[in-house]
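Novice: Supplied in structure tokens, the structure appears directly below.
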Amino acid sequence: MPDLHSGGRGFKSRPVHFANWKVEIYSQNNNYSQKNGDVTEVGMTIAEKILTAHSPKQRAVAGEFVEAKVDWAMVHEELGTPNGVAHLFESLGYEKVWNPKRIVALLDHWVPAPSVDAAEIHKTCRQFVKKYGVSNWFDMNAGICHQIMPEQGFVCPGELIVGTDSHTTTYGALGAFSTGVGATDMTVVFATGKLWFKVPETIKYTISGKLPKFISGKDIILRILKEIGTDGAVYKAIEYYGHTVKQLSIDGRMTICNMGVEAGAKAAIVPPDQKTTRYVKARTKRAYKIVKADKDAEYIEKRDLEISNLEPQVAKPPTPANSVPVTEVENTPIDEAFIGSCTGGRLEDLAVAAKLLKGKKTAKNVRFIVIPASYEIFLEAEKKGIIRTILEAGGIIESPTCGPCTGGHLGLLAADETAIATVSRNFVGRMGSPKAKVYLASAATVAASALKGKITNPNTLG
Amino acid sequence: MMRTVIKGKTWKLGDDINTDLILPGPYLTMRDTEQMMQHVLEGAIPRFAEKIRKGEIIVAGKNFGSGSSREIAPLLLKRLGVGAVVAESFARIFFRNAINIGLPVIECKDISEKIKSGDVLEINLETGTIKNVSRKENYAGTRLPKFLLEIIEAGGALKRLRQSAQ
């Protein structure tokens, strides 16, 4: 395990008393604004509080620009691509990165390298981390960045994290403000530890109702995307509240935060609760501060979703917002069924699939591919017999990587082929041929479809 | 140094032009940028790379550049000679990446209803105004904040960083 206690410059935290975790820790930052002659305290959202706490400002609200110190910078192969971070950083001529202990670097997109070009990218990554002393380095036996970051203790509530991947919004599941950036922004972070941010407005999403059988975070986020569209949260943050969110596991919360970016969200955040602190405390001893929104925080929009009667959702190509109840696309023939990725390859996903697959065989016309999101998940699934169940059902298991989700390797689609997958995107050309079709669904729906060789409602099987 | 006035013929695209359309994932590992460029937007406009001329402007609907954080997407557009992208809205990572690598991006409400593909536009980045030379119309685009214009004027975020370090 990397040393997680040696914070970088300006990252001294004081211990948190967990019994008091509901206390508004940043309330001292609230100042007063004058409206119509009356002095009123205006509440702040989680995004406003975290960005304020990381900036020199006393108070930064939606619309303001801040230069903020980041707690963690995550890079995957974007470090080593020909126009990537390593190339750009070297061109700057800095001798050192701002803080090698606050960078997490790993390989996940093309692991192990499926081509000479990918191998060259990996080589550049390995050389860079060695040269600059990046000790939080995960080579090919770790997993997908958005599982590794929380799993290996690099995410705590209240932290500000950037990553060279759009799905970096995932870490909001643990109450952090985390967002994706490109290679140039990451290079600026490598050099200075800081980045400019526009403080986003926030949408408050309240989700209520008891989770029906086979309904997971994936079904909920696909339904939300249908409601707000692919640009429903562009430039904005989302905060998730409600009884359902409390019921969701950390795995499920990661899925709804991960795919917040499919609505364009800058961050997607679940306010921390006991599930959060239990998860985090098991993975790091680093001190952190719980950040919650003020009761009178200002939201740009408030939305409610009731899910007691939600059917499993399937997003038709070519956007994740194109979701319908599974019954509307039932019996659509499929060539491939894929369970994996940073939004569908966690233990909970593998477990529900195994439950449906137990003692059965997948359809002969379907290529059934499963890729656990990390080695920890892989080992745990092996221990629980999940791996054996998948293999006996006719599935192929690959070692942790993004695989076909990013169009890289291990199960790409030919023209006119159709897949159902637990991945985040069904864009044209995403998983192979621009003439292929990808349907997005939960692991339960994908497993059920693999068994029948066509899109299938898991409720008809289990 | 970037020009603050950009004039060129337009290529009109729809809503949700995502980064997988701009450069599909299967080509991401290519080391030869020239080779990569041949696949830009091929899912939206076949052989776009052969058709685009230097200085031409992409006009699109909402949510341009959604999806992945791959900075190669705006970089390839720039290398192909795209002078600017005007859209009703941009996905935020693409917007930042474009400015960071020096591809001018400007938001303009209802722009895709106002113009036809092939119209000639003249964009003033400093004022945010867009002149449709073909139709003799003017549209108000969103002005970039001063510090972003400074990044563009410096020729990108890293050049700006070098300037401030000196």
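As shown in the structure tokens, the chain order sets the letters A, B, ...; within each chain, residues go from 1, and ligands are also counted from 1 in the order they appear.
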Residues of segment 200-311 of chain A within 12 Å of segment 81-105 of chain B: nearest atom pair and distance (Å, one decimal) for each, counting only C-alpha atoms, sorted by chain and number, as a tab-separated table?

Specialist:
```
residue	atom	partner	partner_atom	distance
A:Pro200	CA	B:Arg92	CA	10.9
A:Thr230	CA	B:Ala91	CA	9.5
A:Asp231	CA	B:Ala91	CA	7.7
A:Gly232	CA	B:Ala91	CA	10.7
A:Ala233	CA	B:Ala91	CA	9.6
A:Val234	CA	B:Ala91	CA	6.2
A:Tyr235	CA	B:Arg92	CA	5.9
A:Lys236	CA	B:Arg92	CA	9.3
A:Ala237	CA	B:Arg92	CA	11.6
A:Val261	CA	B:Ala91	CA	9.3
A:Glu262	CA	B:Ala91	CA	9.8
A:Ala263	CA	B:Ala91	CA	9.2
A:Gly264	CA	B:Ala91	CA	6.0
A:Ala265	CA	B:Arg92	CA	8.3
A:Lys266	CA	B:Arg92	CA	7.3
A:Ala267	CA	B:Arg92	CA	11.1
```

Novice: If you keep N, CA, C and O atoms, can you produce a file of those selected residues as a tab-separated table (two decimals), in the first residue's frame?

Specialist:
```
chain	number	residue	atom	x	y	z
A	200	PRO	N	-19.70	25.29	-9.98
A	200	PRO	CA	-20.93	24.95	-10.71
A	200	PRO	C	-22.21	25.18	-9.91
A	200	PRO	O	-22.19	25.14	-8.67
A	230	THR	N	-28.94	14.26	-22.39
A	230	THR	CA	-27.48	14.20	-22.44
A	230	THR	C	-26.81	15.52	-22.05
A	230	THR	O	-25.61	15.55	-21.80
A	231	ASP	N	-27.59	16.61	-22.03
A	231	ASP	CA	-26.99	17.89	-21.64
A	231	ASP	C	-27.72	18.49	-20.43
A	231	ASP	O	-27.59	19.67	-20.15
A	232	GLY	N	-28.46	17.63	-19.72
A	232	GLY	CA	-29.28	18.12	-18.61
A	232	GLY	C	-28.49	18.67	-17.44
A	232	GLY	O	-29.03	19.40	-16.60
A	233	ALA	N	-27.22	18.32	-17.35
A	233	ALA	CA	-26.41	18.80	-16.23
A	233	ALA	C	-25.09	19.40	-16.69
A	233	ALA	O	-24.15	19.50	-15.91
A	234	VAL	N	-25.02	19.84	-17.95
A	234	VAL	CA	-23.77	20.40	-18.46
A	234	VAL	C	-23.36	21.61	-17.63
A	234	VAL	O	-24.18	22.48	-17.35
A	235	TYR	N	-22.10	21.66	-17.26
A	235	TYR	CA	-21.48	22.70	-16.40
A	235	TYR	C	-21.98	22.64	-14.95
A	235	TYR	O	-21.61	23.47	-14.14
A	236	LYS	N	-22.85	21.70	-14.62
A	236	LYS	CA	-23.46	21.69	-13.28
A	236	LYS	C	-23.00	20.48	-12.45
A	236	LYS	O	-22.46	19.52	-12.99
A	237	ALA	N	-23.27	20.57	-11.15
A	237	ALA	CA	-23.07	19.41	-10.28
A	237	ALA	C	-24.44	18.81	-9.98
A	237	ALA	O	-25.47	19.49	-10.10
A	261	VAL	N	-21.86	12.08	-15.65
A	261	VAL	CA	-21.19	12.79	-16.76
A	261	VAL	C	-21.92	12.55	-18.09
A	261	VAL	O	-21.77	13.34	-19.03
A	262	GLU	N	-22.73	11.51	-18.16
A	262	GLU	CA	-23.49	11.29	-19.40
A	262	GLU	C	-24.59	12.34	-19.57
A	262	GLU	O	-25.18	12.47	-20.64
A	263	ALA	N	-24.89	13.08	-18.50
A	263	ALA	CA	-25.77	14.25	-18.62
A	263	ALA	C	-24.91	15.51	-18.65
A	263	ALA	O	-25.43	16.61	-18.55
A	264	GLY	N	-23.61	15.34	-18.74
A	264	GLY	CA	-22.70	16.47	-18.82
A	264	GLY	C	-22.22	16.99	-17.47
A	264	GLY	O	-21.52	17.99	-17.42
A	265	ALA	N	-22.58	16.33	-16.37
A	265	ALA	CA	-22.27	16.86	-15.04
A	265	ALA	C	-20.77	17.01	-14.80
A	265	ALA	O	-19.97	16.19	-15.22
A	266	LYS	N	-20.43	18.08	-14.09
A	266	LYS	CA	-19.05	18.34	-13.71
A	266	LYS	C	-18.69	17.48	-12.50
A	266	LYS	O	-17.56	17.03	-12.34
A	267	ALA	N	-19.67	17.29	-11.63
A	267	ALA	CA	-19.48	16.42	-10.46
A	267	ALA	C	-20.84	15.84	-10.12
A	267	ALA	O	-21.87	16.44	-10.40
```

Novice: Please report as a PyMOL selection string which residues of chain A come no farther than 7 Å from chain B, using only C-alpha atoms.

Specialist: chain A and resi 82+117-118+164-166+180-184+231+234-235+262+264+406-408+427-430+432+434

Novice: Enumerate the residues of segment 112-346 of chain A with a DSSP assignment of helix (DSSP H, G or I), computed from the backbone, and present them as JSON, numbers by chain.

Specialist: {"A": [116, 117, 118, 119, 120, 121, 122, 123, 124, 125, 126, 127, 128, 129, 130, 131, 132, 145, 146, 147, 148, 149, 150, 151, 166, 167, 168, 169, 170, 171, 172, 173, 174, 183, 184, 185, 186, 187, 188, 189, 190, 191, 192, 217, 218, 219, 220, 221, 222, 223, 224, 225, 226, 227, 228, 243, 244, 245, 246, 247, 250, 251, 252, 253, 254, 255, 256, 257, 258, 259, 260, 261, 262, 263, 274, 275, 276, 277, 278, 279, 280, 281, 326, 327, 328]}

Novice: As an MDAnalysis selection string, which residues of segment 29-100 of chain A does DSSP assign to strand (DSSP E or B)?

Specialist: chainID A and resid 32:35 38:41 43 65:69 72:75

Novice: When you draw a straight line from atom CA of Gly260 of chain A to atom CA of Lys12 of chain B, how long is it in Å?

Specialist: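 Atom CA of Lys12 of chain B lies 27.9 Å from atom CA of Gly260 of chain A.
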
Novice: Find the spatial neighbours of segment 387-389 of chain A, counting only C-alpha atoms, within a cut-off of 8 Å - ignore same-chain residues fewer than 3 positions away - and output them as a list in words.

Specialist: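 Selected residues are Ala354, Leu357, Lys358, Gly359, Phe378, Ala381, Glu382, Lys384, Glu392, Ala393 and Ile397 of chain A.
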
Novice: With distances taken over only C-alpha atoms, which of B:Gln38, B:Asn124, B:Asn138, B:Ser112 is nearest to Lys51 of chain B?

Specialist: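 Using only C-alpha atoms, Lys51 of chain B sits closest to B:Gln38.
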
Novice: If we count only C-alpha atoms and set the cut-off at 7 Å, which residues sit around Glu122 of chain B, ignoring sequence neighbours fewer than 5 positions away in its own chain? Please answer as an MDAnalysis selection string.

Specialist: chainID B and resid 5:8 130:133

Novice: Neighbouring residues of Phe154 of chain A were defined as those with any atom within 8 Å, considering only C-alpha atoms; residues of the same chain fewer than 4 positions away were excluded. Please report them as a VMD selection string.

Specialist: chain A and resid 4 72 149 to 150 284

Novice: Could you tell me how far atom CA of Ser323 of chain A sits from atom CA of Ala436 of chain A, in Å to one decimal place?

Specialist: 17.8 Å

Novice: Kindly indicate which residue among A:Ile224, A:Ile207, A:Val97, A:Ala444 lies nearest to Tyr132 of chain A, using only C-alpha atoms for the distances.

Specialist: A:Val97
